[in-house]
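Data file: work.txt. Format and content: compact mmCIF, C-alpha atoms and all ligand atoms.
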# COMPACT_ATOMS: atom_id res chain seq x y z
CA MET A 1 0.00 0.00 0.00
CA GLY A 2 1.39 3.44 -0.98
CA ALA A 3 1.67 6.18 1.68
CA LEU A 4 -0.99 8.27 -0.06
CA LEU A 5 -3.44 5.36 -0.08
CA ASP A 6 -2.64 4.61 3.57
CA THR A 7 -3.72 8.08 4.70
CA THR A 8 -6.71 8.19 2.38
CA ALA A 9 -8.04 4.79 3.47
CA ALA A 10 -7.89 5.88 7.12
CA LEU A 11 -9.77 9.11 6.36
CA ASP A 12 -12.28 7.16 4.26
CA ALA A 13 -13.05 4.76 7.10
CA ARG A 14 -13.44 7.64 9.56
CA PHE A 15 -15.41 10.17 7.51
CA HIS A 16 -17.37 8.42 4.74
CA MET A 17 -20.71 6.74 5.19
CA PRO A 18 -20.11 3.02 4.68
CA THR A 19 -22.04 2.68 1.40
CA TYR A 20 -19.14 1.21 -0.59
CA ALA A 21 -16.81 -1.71 0.07
CA ARG A 22 -13.74 -0.14 -1.54
CA ARG A 23 -10.73 -2.10 -2.82
CA PRO A 24 -7.39 -1.06 -1.28
CA ILE A 25 -6.21 0.71 -4.43
CA MET A 26 -6.01 4.39 -5.31
CA PHE A 27 -5.94 5.34 -8.95
CA VAL A 28 -4.24 8.65 -9.53
CA ARG A 29 -3.88 8.85 -13.32
CA GLY A 30 -5.40 7.39 -16.46
CA GLU A 31 -4.65 7.25 -20.16
CA GLY A 32 -6.88 5.46 -22.66
CA MET A 33 -7.39 1.86 -21.45
CA ARG A 34 -4.79 2.34 -18.70
CA LEU A 35 -5.04 3.34 -15.05
CA PHE A 36 -2.07 4.00 -12.73
CA ASP A 37 -2.15 3.71 -8.95
CA ASP A 38 -0.27 5.79 -6.37
CA ASP A 39 2.61 3.29 -6.49
CA GLY A 40 2.93 3.78 -10.27
CA ARG A 41 1.48 0.31 -11.04
CA GLU A 42 -0.33 0.01 -14.34
CA TYR A 43 -3.76 -1.60 -14.85
CA LEU A 44 -5.94 -2.31 -17.87
CA ASP A 45 -9.44 -0.99 -17.22
CA PHE A 46 -12.21 -3.38 -18.32
CA ALA A 47 -14.83 -1.42 -16.35
CA SER A 48 -14.55 2.24 -17.52
CA GLY A 49 -15.57 3.42 -14.04
CA ILE A 50 -18.81 1.49 -14.42
CA GLY A 51 -19.45 2.01 -18.13
CA VAL A 52 -18.59 5.71 -18.08
CA VAL A 53 -15.31 6.59 -19.82
CA ASN A 54 -16.24 5.25 -23.25
CA LEU A 55 -13.46 7.32 -24.88
CA GLY A 56 -10.86 6.08 -22.44
CA HIS A 57 -9.25 8.00 -19.60
CA ALA A 58 -8.03 11.60 -19.89
CA HIS A 59 -9.22 12.17 -23.44
CA ARG A 60 -7.54 15.34 -24.72
CA ALA A 61 -10.45 16.82 -26.65
CA VAL A 62 -12.78 16.50 -23.66
CA ALA A 63 -10.15 17.94 -21.32
CA SER A 64 -9.61 20.93 -23.63
CA ALA A 65 -13.33 21.61 -24.03
CA VAL A 66 -13.81 21.48 -20.24
CA CYS A 67 -10.79 23.68 -19.48
CA ALA A 68 -11.82 26.28 -22.05
CA GLN A 69 -15.38 26.46 -20.72
CA MET A 70 -14.23 26.51 -17.07
CA GLN A 71 -12.27 29.66 -17.82
CA ARG A 72 -15.22 31.37 -19.56
CA LEU A 73 -18.33 30.52 -17.51
CA VAL A 74 -19.05 27.65 -15.11
CA HIS A 75 -22.64 28.25 -14.05
CA VAL A 76 -25.73 30.33 -14.55
CA SER A 77 -29.23 29.21 -13.62
CA ASN A 78 -31.56 27.39 -15.96
CA LEU A 79 -33.61 30.59 -16.15
CA TYR A 80 -31.14 31.77 -18.83
CA HIS A 81 -29.73 30.41 -22.05
CA VAL A 82 -26.12 29.19 -22.01
CA GLU A 83 -23.69 28.05 -24.65
CA HIS A 84 -23.56 24.37 -25.66
CA ARG A 85 -26.83 23.25 -24.04
CA ASP A 86 -29.04 23.82 -27.06
CA VAL A 87 -26.48 22.50 -29.54
CA LEU A 88 -26.14 19.37 -27.37
CA ALA A 89 -29.94 18.93 -27.22
CA GLU A 90 -30.11 19.29 -31.02
CA ARG A 91 -27.34 16.71 -31.36
CA LEU A 92 -29.06 14.19 -29.07
CA VAL A 93 -32.35 14.62 -30.91
CA ALA A 94 -30.55 14.08 -34.24
CA LEU A 95 -28.94 10.88 -32.88
CA PHE A 96 -32.40 9.82 -31.65
CA GLY A 97 -33.82 10.27 -35.16
CA GLY A 98 -35.58 13.65 -34.79
CA GLY A 99 -38.96 14.78 -33.49
CA ALA A 100 -37.99 14.91 -29.81
CA LYS A 101 -37.09 17.22 -26.94
CA VAL A 102 -34.51 16.94 -24.16
CA PHE A 103 -34.36 17.60 -20.40
CA PHE A 104 -30.89 17.66 -18.83
CA ALA A 105 -30.21 16.08 -15.43
CA ASN A 106 -27.01 15.10 -13.61
CA SER A 107 -27.09 11.32 -13.36
CA GLY A 108 -28.84 8.17 -14.54
CA ALA A 109 -31.19 8.00 -11.58
CA GLU A 110 -32.19 11.61 -12.11
CA ALA A 111 -32.79 11.00 -15.80
CA ASN A 112 -35.05 8.07 -14.91
CA GLU A 113 -36.86 10.14 -12.27
CA GLY A 114 -37.54 12.73 -14.96
CA ALA A 115 -38.80 10.03 -17.33
CA ILE A 116 -41.09 8.57 -14.64
CA LYS A 117 -42.55 12.01 -13.85
CA LEU A 118 -43.02 12.77 -17.54
CA ALA A 119 -44.72 9.41 -18.18
CA ARG A 120 -47.13 9.94 -15.27
CA ARG A 121 -47.91 13.51 -16.35
CA TRP A 122 -48.55 12.25 -19.89
CA GLY A 123 -50.55 9.26 -18.63
CA LYS A 124 -52.89 11.41 -16.55
CA THR A 125 -53.65 13.71 -19.46
CA ARG A 126 -54.21 10.77 -21.84
CA GLY A 127 -55.77 8.09 -19.65
CA GLY A 128 -57.11 9.88 -16.56
CA GLU A 129 -55.95 10.16 -12.95
CA ALA A 130 -55.41 6.40 -12.48
CA CYS A 131 -53.11 6.04 -15.50
CA THR A 132 -49.82 6.17 -13.59
CA ARG A 133 -48.53 2.58 -13.28
CA ILE A 134 -45.10 1.71 -14.69
CA ILE A 135 -44.09 -1.83 -15.55
CA SER A 136 -40.40 -2.71 -15.47
CA ALA A 137 -38.42 -5.94 -15.51
CA GLU A 138 -37.26 -8.27 -12.76
CA ARG A 139 -33.50 -8.00 -12.19
CA SER A 140 -33.50 -4.50 -13.77
CA PHE A 141 -31.58 -1.54 -12.35
CA HIS A 142 -32.78 2.03 -12.77
CA GLY A 143 -31.13 3.92 -9.90
CA ARG A 144 -31.13 4.42 -6.15
CA THR A 145 -33.47 7.36 -5.61
CA LEU A 146 -36.79 6.22 -4.16
CA ALA A 147 -38.81 6.16 -7.39
CA THR A 148 -36.01 4.61 -9.45
CA LEU A 149 -35.43 2.08 -6.68
CA ALA A 150 -39.14 1.23 -6.85
CA ALA A 151 -38.71 0.74 -10.62
CA THR A 152 -35.63 -1.43 -10.05
CA GLY A 153 -36.52 -5.13 -10.10
CA GLN A 154 -34.22 -6.26 -7.28
CA PRO A 155 -35.96 -6.82 -3.91
CA SER A 156 -32.59 -7.13 -2.12
CA LYS A 157 -31.83 -3.48 -2.91
CA GLN A 158 -35.35 -2.28 -2.01
CA GLU A 159 -36.38 -3.95 1.23
CA ALA A 160 -34.35 -1.79 3.63
CA PHE A 161 -35.92 1.39 2.24
CA GLU A 162 -39.61 0.53 2.19
CA PRO A 163 -42.13 2.05 1.92
CA LEU A 164 -41.22 2.86 -1.67
CA PRO A 165 -43.38 4.99 -3.98
CA ALA A 166 -46.37 2.98 -5.24
CA GLY A 167 -47.30 2.28 -8.84
CA PHE A 168 -44.49 0.00 -10.03
CA THR A 169 -44.91 -3.59 -11.21
CA HIS A 170 -42.18 -6.04 -12.24
CA VAL A 171 -42.40 -8.78 -14.85
CA PRO A 172 -39.84 -11.37 -16.02
CA LEU A 173 -37.69 -10.14 -18.91
CA ASN A 174 -38.28 -11.65 -22.36
CA ASP A 175 -41.73 -12.97 -21.42
CA ILE A 176 -44.25 -11.08 -23.55
CA ASP A 177 -47.21 -12.99 -22.08
CA ALA A 178 -46.29 -11.81 -18.58
CA LEU A 179 -46.22 -8.21 -19.83
CA PHE A 180 -49.47 -8.68 -21.73
CA ALA A 181 -51.16 -9.95 -18.57
CA GLU A 182 -50.22 -6.77 -16.66
CA MET A 183 -51.35 -4.31 -19.34
CA ASP A 184 -54.51 -2.48 -18.32
CA GLU A 185 -55.80 1.10 -18.32
CA THR A 186 -53.73 2.01 -15.22
CA VAL A 187 -50.43 1.49 -17.10
CA CYS A 188 -48.81 4.63 -18.51
CA ALA A 189 -45.40 3.18 -19.42
CA VAL A 190 -43.16 0.16 -19.78
CA LEU A 191 -39.58 0.82 -18.65
CA LEU A 192 -36.77 -1.49 -19.82
CA GLU A 193 -33.01 -1.58 -20.25
CA PRO A 194 -32.33 -2.92 -23.78
CA ILE A 195 -29.54 -4.91 -22.11
CA GLN A 196 -29.75 -5.20 -18.32
CA GLY A 197 -26.41 -4.00 -16.98
CA GLU A 198 -26.14 -4.12 -13.18
CA GLY A 199 -28.26 -7.28 -13.15
CA GLY A 200 -25.49 -9.16 -14.98
CA VAL A 201 -25.73 -8.25 -18.72
CA PHE A 202 -29.01 -9.84 -19.78
CA PRO A 203 -30.17 -8.57 -23.20
CA CYS A 204 -33.77 -8.19 -24.31
CA ASP A 205 -34.41 -10.70 -27.10
CA LEU A 206 -34.83 -9.05 -30.49
CA ALA A 207 -38.36 -10.43 -30.92
CA TYR A 208 -39.30 -9.49 -27.34
CA LEU A 209 -38.43 -5.80 -27.71
CA ALA A 210 -40.25 -5.67 -31.06
CA ALA A 211 -43.31 -7.27 -29.44
CA VAL A 212 -43.13 -4.83 -26.50
CA ARG A 213 -43.05 -1.93 -28.96
CA THR A 214 -46.12 -3.28 -30.78
CA LEU A 215 -47.99 -3.96 -27.53
CA CYS A 216 -47.28 -0.43 -26.26
CA ASP A 217 -48.51 1.04 -29.57
CA GLU A 218 -51.69 -1.04 -29.48
CA ARG A 219 -52.46 -0.03 -25.88
CA GLY A 220 -51.37 3.62 -26.11
CA VAL A 221 -48.67 3.02 -23.48
CA LEU A 222 -45.24 4.68 -23.53
CA LEU A 223 -42.08 2.65 -24.06
CA ILE A 224 -39.23 4.08 -21.98
CA LEU A 225 -35.79 2.64 -22.70
CA ASP A 226 -33.13 3.18 -20.05
CA GLU A 227 -29.96 3.66 -22.12
CA VAL A 228 -27.95 4.93 -19.15
CA GLN A 229 -25.46 2.08 -19.48
CA THR A 230 -26.02 0.98 -23.08
CA GLY A 231 -25.87 4.45 -24.65
CA PHE A 232 -23.10 6.29 -26.46
CA PHE A 233 -21.88 3.51 -28.74
CA ARG A 234 -21.21 0.95 -26.00
CA THR A 235 -23.08 -1.69 -28.01
CA GLY A 236 -21.97 -0.38 -31.43
CA THR A 237 -24.81 1.99 -32.29
CA ALA A 238 -25.30 5.38 -30.62
CA PHE A 239 -28.10 3.79 -28.56
CA ALA A 240 -28.71 0.08 -28.12
CA TRP A 241 -32.33 0.31 -29.34
CA GLN A 242 -30.96 1.15 -32.80
CA GLY A 243 -29.52 -2.36 -32.94
CA TYR A 244 -33.03 -3.67 -32.16
CA GLY A 245 -34.97 -1.31 -34.43
CA ALA A 246 -37.46 -0.51 -31.64
CA ARG A 247 -37.47 3.26 -31.09
CA PRO A 248 -38.73 4.25 -27.64
CA ASP A 249 -41.05 7.15 -26.83
CA ILE A 250 -38.69 8.19 -24.03
CA MET A 251 -34.99 7.37 -23.70
CA THR A 252 -32.81 8.09 -20.68
CA LEU A 253 -29.06 8.72 -20.82
CA ALA A 254 -26.12 9.38 -18.46
CA LYS A 255 -22.86 7.45 -17.78
CA GLY A 256 -20.90 7.69 -21.08
CA MET A 257 -22.40 10.99 -22.14
CA ALA A 258 -19.59 13.34 -21.04
CA ASN A 259 -16.82 10.75 -20.56
CA GLY A 260 -16.80 11.04 -16.77
CA LEU A 261 -18.44 14.35 -15.97
CA PRO A 262 -21.86 14.13 -14.30
CA ILE A 263 -24.68 14.61 -16.78
CA GLY A 264 -27.91 12.82 -17.63
CA ALA A 265 -30.71 13.41 -20.09
CA VAL A 266 -34.30 12.50 -20.84
CA VAL A 267 -35.10 12.47 -24.57
CA ALA A 268 -38.82 12.25 -25.39
CA LEU A 269 -40.93 12.45 -28.51
CA ASP A 270 -42.39 15.95 -29.01
CA SER A 271 -45.91 14.67 -28.40
CA VAL A 272 -44.84 13.23 -25.02
CA ALA A 273 -42.48 16.04 -23.96
CA GLU A 274 -45.25 18.60 -24.27
CA ALA A 275 -47.00 17.04 -21.25
CA PHE A 276 -44.48 18.95 -19.07
CA ARG A 277 -45.28 22.58 -18.17
CA PRO A 278 -42.93 25.25 -16.78
CA GLY A 279 -42.37 24.44 -13.11
CA ASP A 280 -43.14 20.71 -13.44
CA HIS A 281 -39.52 19.61 -13.26
CA GLY A 282 -36.10 21.17 -12.87
CA SER A 283 -32.48 20.90 -11.77
CA THR A 284 -30.05 23.51 -10.44
CA PHE A 285 -27.03 22.01 -12.18
CA GLY A 286 -28.67 20.17 -15.08
CA GLY A 287 -27.42 21.23 -18.51
CA GLY A 288 -24.64 23.51 -17.25
CA PRO A 289 -22.18 24.84 -19.84
CA VAL A 290 -19.15 22.81 -18.67
CA VAL A 291 -20.80 19.39 -18.79
CA CYS A 292 -22.55 20.23 -22.05
CA ALA A 293 -19.22 21.27 -23.61
CA ALA A 294 -17.77 17.97 -22.37
CA ALA A 295 -20.68 15.98 -23.80
CA LEU A 296 -20.37 17.63 -27.22
CA ALA A 297 -16.63 16.91 -27.31
CA THR A 298 -17.34 13.34 -26.22
CA ILE A 299 -19.91 12.71 -28.96
CA ASP A 300 -17.60 14.32 -31.57
CA ALA A 301 -14.74 12.04 -30.56
CA LEU A 302 -16.88 8.88 -30.33
CA GLU A 303 -17.98 9.54 -33.91
CA SER A 304 -14.69 10.75 -35.41
CA GLU A 305 -12.74 7.87 -33.87
CA SER A 306 -15.40 5.40 -35.14
CA LEU A 307 -15.63 3.83 -31.69
CA GLY A 308 -19.01 2.23 -32.40
CA GLU A 309 -17.36 0.16 -35.13
CA ASN A 310 -14.50 -0.68 -32.79
CA ALA A 311 -16.97 -1.74 -30.07
CA ILE A 312 -18.57 -4.19 -32.51
CA ARG A 313 -15.24 -5.50 -33.85
CA VAL A 314 -13.41 -5.91 -30.55
CA GLY A 315 -16.66 -6.92 -28.81
CA SER A 316 -17.07 -9.92 -31.08
CA TYR A 317 -13.43 -10.88 -30.46
CA LEU A 318 -14.03 -10.53 -26.70
CA ARG A 319 -17.12 -12.76 -26.94
CA GLU A 320 -15.20 -15.35 -28.96
CA GLN A 321 -12.33 -15.39 -26.48
CA LEU A 322 -14.55 -15.49 -23.36
CA SER A 323 -16.39 -18.45 -24.89
CA THR A 324 -13.12 -20.43 -24.83
CA LEU A 325 -12.88 -20.23 -21.02
CA ALA A 326 -13.49 -23.69 -19.60
CA ALA A 327 -14.98 -22.52 -16.30
CA ILE A 328 -17.98 -20.63 -17.67
CA THR A 329 -21.56 -21.55 -18.50
CA ASP A 330 -22.71 -18.53 -20.52
CA VAL A 331 -21.47 -15.44 -22.44
CA ARG A 332 -23.93 -12.59 -23.06
CA GLY A 333 -23.98 -9.06 -24.43
CA ARG A 334 -23.34 -6.90 -27.40
CA GLY A 335 -20.41 -4.70 -28.45
CA LEU A 336 -18.20 -3.91 -25.49
CA MET A 337 -20.83 -4.80 -22.89
CA MET A 338 -20.28 -8.47 -22.07
CA GLY A 339 -21.14 -10.68 -19.13
CA ILE A 340 -20.26 -14.24 -18.25
CA THR A 341 -21.61 -16.72 -15.73
CA LEU A 342 -19.04 -18.87 -13.98
CA ALA A 343 -19.61 -22.54 -13.28
CA GLU A 344 -18.61 -21.95 -9.63
CA PRO A 345 -19.57 -19.08 -7.26
CA VAL A 346 -16.09 -17.54 -7.33
CA ALA A 347 -16.69 -14.25 -9.17
CA PRO A 348 -15.58 -11.86 -6.36
CA ALA A 349 -12.37 -13.88 -5.84
CA VAL A 350 -11.65 -13.98 -9.59
CA ALA A 351 -12.21 -10.20 -9.85
CA ALA A 352 -9.87 -9.62 -6.87
CA THR A 353 -7.16 -11.84 -8.37
CA ALA A 354 -7.52 -10.15 -11.77
CA LEU A 355 -7.12 -6.76 -10.08
CA ASN A 356 -3.94 -7.93 -8.36
CA GLN A 357 -2.70 -9.03 -11.77
CA GLY A 358 -3.48 -5.63 -13.31
CA CYS A 359 -6.95 -6.06 -14.88
CA VAL A 360 -9.95 -4.16 -13.55
CA VAL A 361 -13.14 -6.22 -14.01
CA LEU A 362 -16.56 -6.11 -12.33
CA SER A 363 -18.24 -8.98 -10.50
CA VAL A 364 -22.02 -9.33 -10.18
CA GLY A 365 -23.15 -11.45 -7.23
CA ASP A 366 -21.22 -14.66 -6.66
CA SER A 367 -21.17 -16.09 -10.16
CA MET A 368 -21.04 -13.37 -12.81
CA LEU A 369 -18.37 -11.11 -14.25
CA ARG A 370 -19.03 -8.01 -16.33
CA PHE A 371 -16.77 -6.33 -18.90
CA LEU A 372 -17.30 -2.70 -19.96
CA PRO A 373 -13.92 -1.50 -21.27
CA PRO A 374 -13.45 1.90 -22.89
CA LEU A 375 -14.45 1.62 -26.54
CA VAL A 376 -10.80 2.16 -27.57
CA CYS A 377 -10.03 -1.38 -26.35
CA SER A 378 -7.93 -3.50 -28.77
CA ASN A 379 -7.74 -7.24 -29.45
CA ALA A 380 -4.28 -7.31 -27.83
CA GLU A 381 -5.78 -5.93 -24.60
CA VAL A 382 -8.51 -8.58 -24.78
CA ASP A 383 -5.72 -11.19 -25.04
CA THR A 384 -4.15 -9.83 -21.84
CA LEU A 385 -7.54 -10.00 -20.10
CA LEU A 386 -8.02 -13.59 -21.18
CA GLU A 387 -4.59 -14.67 -19.94
CA THR A 388 -5.34 -12.98 -16.61
CA LEU A 389 -8.81 -14.52 -16.30
CA SER A 390 -7.60 -18.01 -17.21
CA ALA A 391 -4.91 -17.80 -14.55
CA ALA A 392 -7.34 -16.35 -11.98
CA LEU A 393 -9.95 -19.04 -12.70
CA GLY A 394 -7.25 -21.68 -12.44
CA SER A 395 -6.10 -20.45 -9.05
CA THR A 396 -9.51 -19.96 -7.37
C1 LIG B 401 -29.31 1.11 -16.60
C2 LIG B 401 -29.00 2.07 -15.48
N1 LIG B 401 -29.91 2.99 -15.15
C3 LIG B 401 -29.69 3.88 -14.17
C4 LIG B 401 -28.52 3.86 -13.45
C5 LIG B 401 -28.28 4.86 -12.36
O1 LIG B 401 -27.34 5.79 -12.78
P1 LIG B 401 -26.60 6.75 -11.73
O2 LIG B 401 -25.72 5.90 -10.89
O3 LIG B 401 -25.86 7.72 -12.59
O4 LIG B 401 -27.68 7.42 -10.94
C6 LIG B 401 -27.53 2.92 -13.77
C7 LIG B 401 -26.27 2.86 -13.01
O5 LIG B 401 -25.57 1.91 -12.99
C8 LIG B 401 -27.79 2.00 -14.81
O6 LIG B 401 -26.89 1.05 -15.14
Could you render the structure from this file as structure tokens?
Amino acid sequence: MGALLDTTAALDARFHMPTYARRPIMFVRGEGMRLFDDDGREYLDFASGIGVVNLGHAHRAVASAVCAQMQRLVHVSNLYHVEHRDVLAERLVALFGGGAKVFFANSGAEANEGAIKLARRWGKTRGGEACTRIISAERSFHGRTLATLAATGQPSKQEAFEPLPAGFTHVPLNDIDALFAEMDETVCAVLLEPIQGEGGVFPCDLAYLAAVRTLCDERGVLLILDEVQTGFFRTGTAFAWQGYGARPDIMTLAKGMANGLPIGAVVALDSVAEAFRPGDHGSTFGGGPVVCAAALATIDALESESLGENAIRVGSYLREQLSTLAAITDVRGRGLMMGITLAEPVAPAVAATALNQGCVVLSVGDSMLRFLPPLVCSNAEVDTLLETLSAALGST
């Protein structure tokens, strides 16, 4: 343990609420796929934070855009226009395919809160006061604020915080009959992750998402897709739904949007967005000029460096290589969002060994590992990961 980490860990234990079980490592610098700790040790990052730094660490164009804006203007309230916000909204709507409006928040949970409020506001105007119920999937993850926790389909994360806001129902993923059975006039929206992330990388089936889209259209119910983790080219296309061909009525974004700076967004069709009135929703920091400048630079670089194509190319190599591991039962995902299930419940130990060997990976529960590298990842770096994982699986 370096001296810097020593002091920091002691302060952490004394002054931080114990919401995280932190590893005894302090990263002090990053560059592309690489992280460096306070002892100068190098690591390959197969987590990107948790699916955040899609461009890789310390991207120059984002750093320059942020520094330039910091020196000009950091904050004014949302009661005024500022540079970058409107251009960014226009850009997101163009990526979405047009005909939509944007609300800027600061995180994924906040984006989902905004989407839930918008769906209820829309539901009440379209279907009456009772049209407020939201159906989401078991094992989903939508955030840790109370409403997004209620939407999250993981009882283990919810129970300690009950009572949660009412009006949320969970159904098994990829079971259209189960969804059909829940659809009545109280439902205003269906909320899904195209690929469940925190739950362990479980994708919607292609036919399922198409059927959900059709069912929502038939019943006049909104389809909200939570693209917080899947967005910004992680799965190859700007948003994962584009790989499915099922455009949502509302899409939520965060994580990869500004390559590490806190920003989130709700993108909704014009006809849905107009349910909001001035005063219905807001955010002090949402859509500030610094994060919007960072997001624009991020999107520019993701496109100019063709990182969606790289995510598909290296993602299929990663899938191929993971499939060769003897100790696994399943490989799932798309692009550079992959998950595996291990034959034995040793995922936390394998992740800890991999970290000691210089590869940052994420474990989910006892038996799953998750890989979300920056989209600049190369085949050679995948080879290093595979050597590390094989050795770690062999020794645990
Ligand atoms: C799909 C999804 N939605 C929402 C969230 C919550 O985002 P945040 O932690 O920025 O509030 C996450 C975070 O992991 C997520 O993966």
Practice prompt. Would you list the contacts of Ala275 in chain A as a ChimeraX atom specification, taking every protein, DNA or RNA residue within 8 Å and counting all atoms listed in the file, but skipping same-chain residues closer than 5 positions in sequence?
Written response: /A:118,121-122,125
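Among all protein and nucleic acid residues, the ones that lie within 7 Å of ligand LIG 401 (chain B) when counting all atoms listed in the file are Ile50, Ser107, Gly108, Ala109, Glu110, Asn112, Phe141, His142, Gly143, Arg144, Glu193, Gln196, Gly197, Glu198, Asp226, Glu227, Val228, Gln229, Ala254 and Lys255 of chain A.
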Please write out, as JSON, where the centre of an axis-aligned box around all listed atoms of range 126-135 of chain A lies and how long its edges are, in Å to one decimal, after adding 5 Å on each side.
{"center_x": -50.6, "center_y": 4.5, "center_z": -17.2, "size_x": 23.0, "size_y": 22.6, "size_z": 19.4}
Worksheet item: Between A:Pro289, A:Phe180, A:Leu92, A:Arg34, which one has atoms that come closest to Tyr208 in chain A, using only C-alpha atoms?
Response: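 That would be A:Phe180, the residue with the smallest distance to Tyr208 in chain A.
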Discussion item. Could you list, as a list in words, every residue within 10 Å of Phe27 in chain A, counting all atoms listed in the file and ignoring same-chain residues fewer than 5 positions away?
Written reply: Leu5, Leu35, Phe36, Asp37, Asp38, Asp39, Gly40, Arg41, Glu42 and Tyr43 of chain A
Those residues you just picked out, can you put them in a file as an mmCIF file, in the coordinates of the input with C-alpha atoms?
data_model
loop_
_atom_site.group_PDB
_atom_site.id
_atom_site.type_symbol
_atom_site.label_atom_id
_atom_site.label_comp_id
_atom_site.auth_asym_id
_atom_site.auth_seq_id
_atom_site.Cartn_x
_atom_site.Cartn_y
_atom_site.Cartn_z
ATOM 1 C CA LEU A 5 -3.440 5.360 -0.080
ATOM 2 C CA LEU A 35 -5.040 3.340 -15.050
ATOM 3 C CA PHE A 36 -2.070 4.000 -12.730
ATOM 4 C CA ASP A 37 -2.150 3.710 -8.950
ATOM 5 C CA ASP A 38 -0.270 5.790 -6.370
ATOM 6 C CA ASP A 39 2.610 3.290 -6.490
ATOM 7 C CA GLY A 40 2.930 3.780 -10.270
ATOM 8 C CA ARG A 41 1.480 0.310 -11.040
ATOM 9 C CA GLU A 42 -0.330 0.010 -14.340
ATOM 10 C CA TYR A 43 -3.760 -1.600 -14.850
#
Missing atoms in range 119-133 of chain A should be modelled up to N, CA and C atoms and reported as a PDB file, keeping the file's coordinate frame.
ATOM      1  N   ALA A 119     -43.772  10.461 -17.771  1.00  0.00           N
ATOM      2  CA  ALA A 119     -44.720   9.410 -18.180  1.00  0.00           C
ATOM      3  C   ALA A 119     -46.021   9.521 -17.385  1.00  0.00           C
ATOM      4  N   ARG A 120     -45.912   9.822 -16.085  1.00  0.00           N
ATOM      5  CA  ARG A 120     -47.130   9.940 -15.270  1.00  0.00           C
ATOM      6  C   ARG A 120     -47.935  11.180 -15.676  1.00  0.00           C
ATOM      7  N   ARG A 121     -47.232  12.271 -15.927  1.00  0.00           N
ATOM      8  CA  ARG A 121     -47.910  13.510 -16.350  1.00  0.00           C
ATOM      9  C   ARG A 121     -48.644  13.256 -17.662  1.00  0.00           C
ATOM     10  N   TRP A 122     -47.976  12.568 -18.579  1.00  0.00           N
ATOM     11  CA  TRP A 122     -48.550  12.250 -19.890  1.00  0.00           C
ATOM     12  C   TRP A 122     -49.719  11.283 -19.708  1.00  0.00           C
ATOM     13  N   GLY A 123     -49.516  10.269 -18.849  1.00  0.00           N
ATOM     14  CA  GLY A 123     -50.550   9.260 -18.630  1.00  0.00           C
ATOM     15  C   GLY A 123     -51.838   9.874 -18.094  1.00  0.00           C
ATOM     16  N   LYS A 124     -51.690  10.802 -17.139  1.00  0.00           N
ATOM     17  CA  LYS A 124     -52.890  11.410 -16.550  1.00  0.00           C
ATOM     18  C   LYS A 124     -53.659  12.235 -17.579  1.00  0.00           C
ATOM     19  N   THR A 125     -52.927  12.898 -18.467  1.00  0.00           N
ATOM     20  CA  THR A 125     -53.650  13.710 -19.460  1.00  0.00           C
ATOM     21  C   THR A 125     -54.295  12.803 -20.514  1.00  0.00           C
ATOM     22  N   ARG A 126     -53.668  11.653 -20.796  1.00  0.00           N
ATOM     23  CA  ARG A 126     -54.210  10.770 -21.840  1.00  0.00           C
ATOM     24  C   ARG A 126     -55.222   9.763 -21.306  1.00  0.00           C
ATOM     25  N   GLY A 127     -54.951   9.219 -20.119  1.00  0.00           N
ATOM     26  CA  GLY A 127     -55.770   8.090 -19.650  1.00  0.00           C
ATOM     27  C   GLY A 127     -56.503   8.338 -18.340  1.00  0.00           C
ATOM     28  N   GLY A 128     -56.419   9.572 -17.814  1.00  0.00           N
ATOM     29  CA  GLY A 128     -57.110   9.880 -16.560  1.00  0.00           C
ATOM     30  C   GLY A 128     -56.214   9.690 -15.345  1.00  0.00           C
ATOM     31  N   GLU A 129     -56.728  10.097 -14.196  1.00  0.00           N
ATOM     32  CA  GLU A 129     -55.950  10.160 -12.950  1.00  0.00           C
ATOM     33  C   GLU A 129     -55.307   8.838 -12.547  1.00  0.00           C
ATOM     34  N   ALA A 130     -55.933   7.708 -12.915  1.00  0.00           N
ATOM     35  CA  ALA A 130     -55.410   6.400 -12.480  1.00  0.00           C
ATOM     36  C   ALA A 130     -54.309   5.880 -13.398  1.00  0.00           C
ATOM     37  N   CYS A 131     -54.059   6.554 -14.500  1.00  0.00           N
ATOM     38  CA  CYS A 131     -53.110   6.040 -15.500  1.00  0.00           C
ATOM     39  C   CYS A 131     -51.674   6.443 -15.139  1.00  0.00           C
ATOM     40  N   THR A 132     -51.129   5.765 -14.126  1.00  0.00           N
ATOM     41  CA  THR A 132     -49.820   6.170 -13.590  1.00  0.00           C
ATOM     42  C   THR A 132     -48.867   4.987 -13.372  1.00  0.00           C
ATOM     43  N   ARG A 133     -49.339   3.763 -13.630  1.00  0.00           N
ATOM     44  CA  ARG A 133     -48.530   2.580 -13.280  1.00  0.00           C
ATOM     45  C   ARG A 133     -47.411   2.391 -14.306  1.00  0.00           C
TER      46      ARG A 133
END
